[in-house]
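Data file: query_15.cif. Format and content: mmCIF, C-alpha atoms.
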data_final
loop_
_atom_site.label_atom_id
_atom_site.label_comp_id
_atom_site.auth_asym_id
_atom_site.auth_seq_id
_atom_site.Cartn_x
_atom_site.Cartn_y
_atom_site.Cartn_z
CA MET A 335 135.12 94.26 3.25
CA LYS A 336 137.29 91.15 3.05
CA THR A 337 136.63 87.45 3.77
CA ILE A 338 139.30 86.04 6.10
CA TYR A 339 139.74 83.46 8.85
CA CYS A 340 139.21 84.91 12.32
CA PRO A 341 141.21 82.98 14.96
CA GLU A 342 138.93 84.28 17.72
CA CYS A 343 135.71 83.13 16.03
CA GLU A 344 137.51 80.09 14.52
CA GLU A 345 135.76 80.52 11.19
CA LYS A 346 135.90 82.49 7.98
CA ILE A 347 134.19 85.77 8.48
CA LYS A 348 133.62 89.11 6.77
CA ALA A 349 136.13 91.66 8.03
CA ASP A 350 136.05 95.42 7.65
CA ILE A 351 139.11 97.47 6.72
CA VAL A 352 139.23 100.27 9.27
CA GLN A 353 141.38 103.40 9.03
CA ARG A 354 143.01 104.55 12.28
CA GLU A 355 146.26 105.89 13.61
CA GLU A 356 148.85 103.28 14.60
CA THR A 357 152.24 103.74 16.25
CA PHE A 358 155.34 101.80 15.20
CA THR A 359 158.87 101.77 16.57
CA VAL A 360 161.38 102.64 13.86
CA LYS A 361 165.05 102.73 14.82
CA GLY A 362 164.09 103.33 18.45
CA GLU A 363 161.62 106.14 17.66
CA LYS A 364 157.82 106.09 17.98
CA ILE A 365 156.28 106.88 14.59
CA SER A 366 152.52 107.34 14.21
CA VAL A 367 150.85 106.99 10.81
CA PRO A 368 147.32 106.46 9.40
CA ALA A 369 146.98 102.68 9.08
CA SER A 370 144.57 100.18 7.52
CA VAL A 371 143.50 97.44 9.96
CA LEU A 372 141.23 94.41 9.49
CA VAL A 373 138.47 94.14 12.11
CA CYS A 374 136.22 91.10 12.42
CA SER A 375 132.62 92.12 11.79
CA LYS A 376 131.44 89.51 14.34
CA CYS A 377 133.76 89.71 17.37
CA LYS A 378 135.21 93.17 16.55
CA ASN A 379 138.79 92.01 17.21
CA ASP A 380 141.72 92.98 15.00
CA ILE A 381 142.84 90.33 12.52
CA PHE A 382 146.43 90.21 11.29
CA ASP A 383 146.73 90.65 7.53
CA GLU A 384 150.22 90.37 6.06
CA GLU A 385 149.55 92.66 3.09
CA LEU A 386 147.99 95.46 5.13
CA ASP A 387 150.56 95.16 7.89
CA GLY A 388 153.40 95.38 5.36
CA ALA A 389 151.87 98.53 3.87
CA ASN A 390 151.48 100.07 7.35
CA VAL A 391 155.09 99.34 8.27
CA ALA A 392 156.25 100.79 4.94
CA ALA A 393 154.22 103.94 5.65
CA ALA A 394 155.89 104.24 9.08
CA TYR A 395 159.33 103.81 7.51
CA ASN A 396 158.54 106.50 4.94
CA GLU A 397 157.33 108.85 7.66
CA TYR A 398 160.62 108.26 9.50
CA ARG A 399 162.52 109.04 6.29
CA LYS A 400 160.48 112.22 5.88
CA GLN A 401 161.18 113.36 9.43
CA HIS A 402 164.91 112.71 9.00
CA SER A 403 165.16 114.04 5.40
CA LEU A 404 166.16 110.65 3.97
CA LEU A 405 165.59 109.58 0.38
CA LEU A 406 162.75 107.19 -0.38
CA PRO A 407 163.58 103.80 -1.94
CA SER A 408 161.91 104.91 -5.17
CA LYS A 409 164.21 107.95 -5.37
CA ILE A 410 167.30 105.81 -4.78
CA ARG A 411 166.18 103.51 -7.61
CA GLU A 412 165.53 106.53 -9.85
CA ILE A 413 169.05 107.89 -9.26
CA ARG A 414 170.65 104.52 -9.99
CA GLU A 415 168.63 103.88 -13.14
CA ARG A 416 169.39 107.38 -14.39
CA TYR A 417 173.03 106.28 -14.74
CA GLY A 418 172.15 102.89 -16.20
CA LEU A 419 173.75 100.98 -13.31
CA SER A 420 172.74 97.75 -11.63
CA GLN A 421 172.42 97.67 -7.85
CA ARG A 422 175.70 95.76 -7.58
CA SER A 423 177.55 98.14 -9.91
CA LEU A 424 176.46 101.24 -7.99
CA GLY A 425 177.41 99.63 -4.68
CA ARG A 426 180.82 98.73 -6.10
CA LEU A 427 181.40 102.25 -7.44
CA LEU A 428 180.50 103.79 -4.06
CA GLU A 429 182.59 101.15 -2.20
CA TRP A 430 179.59 100.04 -0.15
CA GLY A 431 179.46 96.36 -0.96
CA GLU A 432 177.38 94.71 -3.64
CA ILE A 433 174.08 94.17 -1.76
CA THR A 434 173.82 97.49 0.11
CA VAL A 435 171.92 99.32 -2.63
CA ASN A 436 169.53 96.37 -2.97
CA ARG A 437 168.70 96.59 0.75
CA TYR A 438 167.99 100.31 0.50
CA GLU A 439 165.79 99.95 -2.57
CA THR A 440 163.78 97.15 -0.98
CA GLY A 441 162.98 99.06 2.18
CA GLU A 442 165.89 99.11 4.61
CA ILE A 443 166.54 102.61 5.93
CA GLN A 444 169.92 104.01 4.93
CA ASP A 445 172.17 105.74 7.43
CA ALA A 446 172.75 109.50 7.21
CA VAL A 447 176.22 109.20 5.65
CA HIS A 448 175.05 106.95 2.82
CA ASN A 449 172.01 109.16 2.29
CA GLU A 450 174.29 112.18 1.86
CA VAL A 451 176.29 110.34 -0.80
CA LEU A 452 173.12 109.37 -2.66
CA GLU A 453 171.93 112.98 -2.62
CA LEU A 454 175.31 114.09 -3.92
CA ILE A 455 175.33 111.73 -6.90
CA ASP A 456 171.88 112.92 -7.91
CA ASN A 457 173.91 115.82 -9.31
CA PRO A 458 175.81 114.46 -12.37
CA GLU A 459 178.78 116.76 -11.69
CA ASN A 460 179.29 115.06 -8.32
CA MET A 461 178.77 111.64 -9.87
CA LYS A 462 181.49 112.47 -12.38
CA LYS A 463 183.98 113.18 -9.56
CA ILE A 464 183.20 109.89 -7.81
CA PHE A 465 183.42 108.05 -11.12
CA GLU A 466 186.84 109.53 -11.89
CA LYS A 467 188.07 108.50 -8.42
CA ASN A 468 186.67 104.94 -8.43
CA MET A 469 186.42 104.00 -12.10
CA HIS A 470 189.09 101.34 -11.59
CA LEU A 471 186.49 99.36 -9.61
CA LEU A 472 184.37 98.86 -12.74
CA SER A 473 184.90 96.70 -15.80
CA PRO A 474 186.26 98.47 -18.93
CA SER A 475 182.93 98.18 -20.78
CA LEU A 476 180.90 99.50 -17.83
CA ARG A 477 183.47 102.25 -17.33
CA ALA A 478 183.00 103.42 -20.93
CA SER A 479 179.20 103.28 -20.88
CA LEU A 480 178.93 105.08 -17.53
CA LYS A 481 181.32 107.83 -18.65
CA LYS A 482 179.18 108.42 -21.74
CA ARG A 483 175.97 108.38 -19.68
CA ILE A 484 177.31 110.95 -17.20
CA ASP A 485 178.60 113.22 -19.98
CA ASP A 486 175.24 113.02 -21.80
CA ILE A 487 173.30 113.89 -18.64
CA ILE A 488 175.56 116.87 -17.95
CA GLN A 489 175.15 118.07 -21.55
CA ASN A 490 171.37 117.64 -21.49
CA THR A 491 171.13 119.39 -18.13
CA ALA A 492 173.09 122.35 -19.49
CA GLU A 493 170.81 122.52 -22.54
CA GLU A 494 167.69 122.38 -20.34
CA ARG A 495 169.00 125.23 -18.18
CA PHE A 496 169.77 127.24 -21.30
CA GLN A 497 166.27 126.61 -22.64
CA LEU A 498 164.75 127.66 -19.32
CA HIS A 499 166.77 130.87 -19.53
CA LEU A 500 165.49 131.48 -23.07
CA GLY A 501 161.95 130.72 -21.98
CA ASP A 502 162.23 133.21 -19.13
CA TYR A 503 163.56 135.76 -21.61
CA LEU A 504 160.53 135.31 -23.86
CA LEU A 505 158.12 135.49 -20.92
CA ARG A 506 159.62 138.70 -19.58
CA ALA A 507 157.21 141.49 -18.78
CA GLN A 508 155.61 142.56 -22.06
CA ALA A 509 153.23 145.42 -22.50
CA ILE A 510 149.64 144.34 -23.16
CA ASN A 511 148.73 146.69 -25.97
CA GLU A 512 147.91 146.91 -29.67
CA TYR A 513 151.20 145.16 -30.58
CA SER A 514 150.44 142.05 -28.49
CA GLY A 515 146.79 141.85 -29.43
CA TYR A 516 145.86 143.05 -25.94
CA LYS A 517 147.02 139.80 -24.38
CA SER A 518 150.08 138.66 -22.44
CA PHE A 519 152.41 136.36 -24.38
CA ASP A 520 151.64 132.64 -23.89
CA LEU A 521 154.67 130.60 -24.99
CA GLU A 522 152.99 127.23 -24.43
CA LYS A 523 150.02 128.29 -26.53
CA MET A 524 152.35 129.44 -29.31
CA HIS A 525 154.10 126.07 -29.19
CA GLN A 526 150.80 124.20 -29.44
CA MET A 527 149.69 126.42 -32.34
CA ILE A 528 152.83 125.31 -34.20
CA VAL A 529 152.30 121.63 -33.36
CA TYR A 530 148.65 121.89 -34.43
CA LEU A 531 149.71 123.47 -37.72
CA LEU A 532 152.34 120.81 -38.41
CA ASP A 533 149.86 118.07 -37.52
CA HIS A 534 147.77 119.29 -40.46
CA VAL A 535 150.50 120.53 -42.80
CA LYS A 536 153.04 117.72 -42.88
CA GLY A 537 156.43 119.40 -42.97
CA ALA A 538 156.47 123.17 -43.21
CA TYR A 539 159.32 125.60 -43.71
CA LYS A 540 160.12 128.30 -41.16
CA THR A 541 158.87 131.06 -43.49
CA ALA A 542 155.51 129.34 -43.89
CA ILE A 543 155.13 128.66 -40.16
CA ASN A 544 155.68 132.33 -39.36
CA LYS A 545 153.01 133.41 -41.84
CA TYR A 546 150.47 130.88 -40.58
CA LEU A 547 151.00 132.11 -37.02
CA TRP A 548 150.61 135.74 -38.08
CA TYR A 549 147.36 135.05 -39.89
CA MET A 550 146.01 133.01 -36.96
CA ASP A 551 146.71 135.74 -34.42
CA PHE A 552 145.61 138.63 -36.62
CA LEU A 553 142.44 136.88 -37.84
CA SER A 554 141.58 136.16 -34.21
CA PHE A 555 141.99 139.86 -33.42
CA LYS A 556 139.93 140.86 -36.43
CA GLU A 557 137.06 138.60 -35.34
CA TYR A 558 137.27 138.71 -31.53
CA SER A 559 139.46 141.77 -30.70
CA VAL A 560 142.14 139.63 -29.00
CA SER A 561 145.04 137.55 -30.31
CA ILE A 562 145.49 133.86 -29.58
CA SER A 563 149.14 133.77 -28.47
CA GLY A 564 149.79 137.37 -27.41
CA SER A 565 152.86 137.41 -29.67
CA VAL A 566 154.34 140.62 -31.05
CA TYR A 567 154.90 140.47 -34.83
CA VAL A 568 157.61 142.27 -36.75
CA HIS A 569 157.87 143.39 -40.41
CA LEU A 570 160.77 141.53 -42.08
CA PRO A 571 161.67 141.15 -45.78
CA TYR A 572 159.91 137.76 -46.15
CA GLY A 573 156.77 138.98 -44.41
CA PRO A 574 155.43 139.29 -40.84
CA VAL A 575 157.12 137.07 -38.24
CA PRO A 576 156.70 136.53 -34.49
CA ASP A 577 159.24 138.48 -32.44
CA ASN A 578 162.06 136.08 -31.41
CA TYR A 579 160.70 133.36 -33.72
CA ASP A 580 164.07 131.56 -33.83
CA ILE A 581 164.07 131.13 -30.04
CA ILE A 582 160.44 129.97 -30.07
CA LEU A 583 161.26 127.20 -32.56
CA ASP A 584 164.60 126.26 -30.97
CA LEU A 585 162.87 125.67 -27.63
CA MET A 586 160.68 123.07 -29.32
CA LEU A 587 163.44 121.06 -30.95
CA SER A 588 164.19 117.54 -29.70
CA LYS A 589 161.02 117.20 -27.63
CA MET A 590 158.29 118.61 -29.86
CA LEU A 591 159.81 119.15 -33.30
CA ASP A 592 162.30 117.64 -35.70
CA LYS A 593 164.18 119.88 -38.13
CA GLU A 594 165.76 118.97 -41.43
CA GLU A 595 167.76 121.13 -43.79
CA VAL A 596 166.74 121.12 -47.45
CA VAL A 597 169.13 122.38 -50.13
CA PHE A 598 167.30 124.20 -52.94
CA LYS A 599 170.36 125.25 -54.89
CA GLU A 600 173.98 126.07 -54.13
CA ASP A 601 174.25 128.07 -50.88
CA VAL A 602 170.46 128.19 -50.45
CA VAL A 603 169.24 126.02 -47.58
CA GLY A 604 165.76 125.86 -46.06
CA GLU A 605 164.68 124.47 -42.70
CA ARG A 606 161.66 122.18 -42.70
CA PHE A 607 159.97 121.32 -39.41
CA ILE A 608 158.00 118.19 -38.51
CA ALA A 609 155.92 117.65 -35.36
CA LYS A 610 157.02 114.82 -33.05
CA THR A 611 153.98 115.05 -30.77
CA LYS A 612 150.24 115.51 -31.07
CA PRO A 613 148.83 118.96 -30.20
CA ASP A 614 147.34 119.65 -26.79
CA LEU A 615 144.31 121.87 -27.31
CA SER A 616 143.09 121.83 -23.70
CA ASN A 617 143.94 125.51 -23.21
CA PHE A 618 142.28 126.71 -26.41
CA GLU A 619 138.80 128.12 -26.78
CA LYS A 620 136.63 126.61 -29.51
CA GLU A 621 136.72 129.97 -31.33
CA GLU A 622 140.53 129.87 -31.37
CA ILE A 623 140.52 126.38 -32.88
CA LYS A 624 138.04 127.57 -35.48
CA ILE A 625 140.40 130.43 -36.39
CA MET A 626 143.38 128.07 -36.74
CA ASP A 627 141.36 125.65 -38.88
CA CYS A 628 140.25 128.49 -41.14
CA VAL A 629 143.83 129.71 -41.72
CA ILE A 630 145.16 126.19 -42.32
CA SER A 631 142.34 125.40 -44.75
CA HIS A 632 142.85 128.64 -46.69
CA PHE A 633 146.63 128.33 -47.11
CA LYS A 634 147.14 124.56 -47.11
CA ARG A 635 148.00 124.46 -50.83
CA TYR A 636 150.33 127.46 -50.67
CA ASN A 637 154.08 126.92 -50.53
CA ALA A 638 156.33 129.15 -48.42
CA THR A 639 157.08 131.54 -51.29
CA GLN A 640 153.42 131.94 -52.21
CA LEU A 641 152.49 132.53 -48.57
CA SER A 642 155.20 135.15 -48.24
CA LYS A 643 154.02 137.01 -51.37
CA TYR A 644 150.41 136.80 -50.20
CA SER A 645 151.28 138.40 -46.84
CA HIS A 646 153.13 141.22 -48.63
CA GLN A 647 149.79 142.39 -50.07
CA GLU A 648 148.24 142.89 -46.65
CA LYS A 649 147.75 146.49 -45.52
CA ALA A 650 149.30 145.62 -42.14
CA TYR A 651 152.53 144.72 -43.94
CA MET A 652 152.51 147.46 -46.54
CA GLU A 653 151.98 150.23 -43.96
CA THR A 654 154.94 149.17 -41.80
CA SER A 655 158.66 149.24 -42.54
CA ASN A 656 161.45 146.74 -42.04
CA GLY A 657 162.01 145.89 -38.36
CA GLU A 658 158.87 147.72 -37.21
CA GLN A 659 156.32 146.06 -34.95
CA ILE A 660 152.93 145.52 -36.59
CA SER A 661 149.86 146.81 -34.79
CA TYR A 662 146.96 144.39 -34.44
CA GLU A 663 144.68 147.34 -35.12
CA LEU A 664 145.65 146.92 -38.80
CA SER A 665 143.97 143.50 -38.84
CA GLU A 666 140.71 145.25 -39.70
CA GLU A 667 141.92 145.33 -43.33
CA LEU A 668 143.06 141.68 -43.36
CA THR A 669 142.00 140.02 -46.64
CA LEU A 670 141.23 136.73 -44.88
CA ASN A 671 137.82 136.29 -43.22
CA LEU A 672 136.52 133.62 -40.86
CA LYS A 673 134.43 131.15 -42.84
#
Write the structure described by the file as structure tokens, please.
Amino acid sequence: MKTIYCPECEEKIKADIVQREETFTVKGEKISVPASVLVCSKCKNDIFDEELDGANVAAAYNEYRKQHSLLLPSKIREIRERYGLSQRSLGRLLEWGEITVNRYETGEIQDAVHNEVLELIDNPENMKKIFEKNMHLLSPSLRASLKKRIDDIIQNTAEERFQLHLGDYLLRAQAINEYSGYKSFDLEKMHQMIVYLLDHVKGAYKTAINKYLWYMDFLSFKEYSVSISGSVYVHLPYGPVPDNYDIILDLMLSKMLDKEEVVFKEDVVGERFIAKTKPDLSNFEKEEIKIMDCVISHFKRYNATQLSKYSHQEKAYMETSNGEQISYELSEELTLNLK
């Protein structure tokens, strides 16, 4: 309901906003879209409303773009801003004129040729080729900043693809058996376990993180007959560790974790990890959180060396050899109990 002047009734009146299908002509084509229309509650005639009419026309334009596979204005703006360019600078680089991009971003429908170019430069490799061809059209300072921006995007894209490949590798088909805690591996859950740990233990070394994870998963199995993460753990000289633990941590760097190297003595360097984000516990059961809290509380005052030595006394470690997977069935003899 909206109060507005009705020219038919010649007075201010309450008007209803009615939803109905309206047809608009866009570039010679009839385009029908759901529209919002003001209707006078007294005389039942339509009342023109500039805001609603503008939204209806925009919806018709977007429907036309959809039918002709054209980019939306918001996508054009996103592409431009990704490269840190002004509307004028992008227009100059593409040899379109300085106000063309502005028209497209504010609602004018681009032609098919320009749309194809915009789709092409969404790929930084294509943008690099256009930049190398037309860089002379930009100022020296803009030329330098755009070159760096394009190179950074290409580098980051390559790293993201590599990380996706690693993630797929970790999530490959894994047997659900005694070595996974009778659960399929959940990489996201493993990541959140690490973030949750580091949110409570400010700065932890790789060795300590691996032991915390092992105790969390094995204590969960001991109490509830299922692991939390579904990770396989392997016997290594410094204690039990998640299989592929280096990949698991590397996938978290930059977005979720920071890493710093700490020199203990000549040629001995440790890696300490710090959480950059807060944990997301939405996919955890309350029993799983209780398990994690118990392990963190028990070992919070242990350093990495003490944790490693402690894990060496566990039957699950002592009854396996170097490189061997550790069965969750051995968690029955775990010295740690849920408090």
- Task: Could you tell me which residues the PyMOL selection byres ((chain A and resi 346) around 12) returns for this structure, as a PyMOL selection string?
- Result: chain A and resi 336-345+347-349+374-376+381
- Å distance separating atom CA of Pro571 of chain A from atom CA of Trp548 of chain A, one decimal place: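 Rounded to one decimal, the two atoms are 14.5 Å apart.
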- Just how far from atom CA of Asn511 of chain A is atom CA of Val529 of chain A, in Å to one decimal?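 That distance, rounded to one decimal, is 26.4 Å.
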- Message: Residue by residue, what does the PyMOL selection byres ((chain A and resi 453-467) around 10) grab here? Present the result as a PyMOL selection string.
- Response: chain A and resi 404-405+409-410+412-414+416-417+427-428+448-452+468-472+477+480-481+483-489+491
- Distance of atom CA of Glu363 of chain A from atom CA of Ala392 of chain A, expressed in Å to one decimal place: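 Atom CA of Glu363 of chain A lies at a distance of 14.8 Å from atom CA of Ala392 of chain A.
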- Go through A:Ser370, A:Ser645, A:Ser475, A:Asn671 one by one, measure the shortest atom-to-atom distance of each to Ser631 of chain A using all atoms listed in the file, and give the residue with the smallest value. A:Asn671
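Shortest atom-to-atom contact with Tyr546 of chain A among A:Met586, A:Ile510, A:Val391, A:Ile630: A:Ile630, counting all atoms listed in the file.
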- Message: Given all atoms listed in the file as the basis, pick out the residue of A:Met527, A:Ile543, A:Val575, A:Val447 nearest to Phe618 of chain A.
- Response: A:Met527
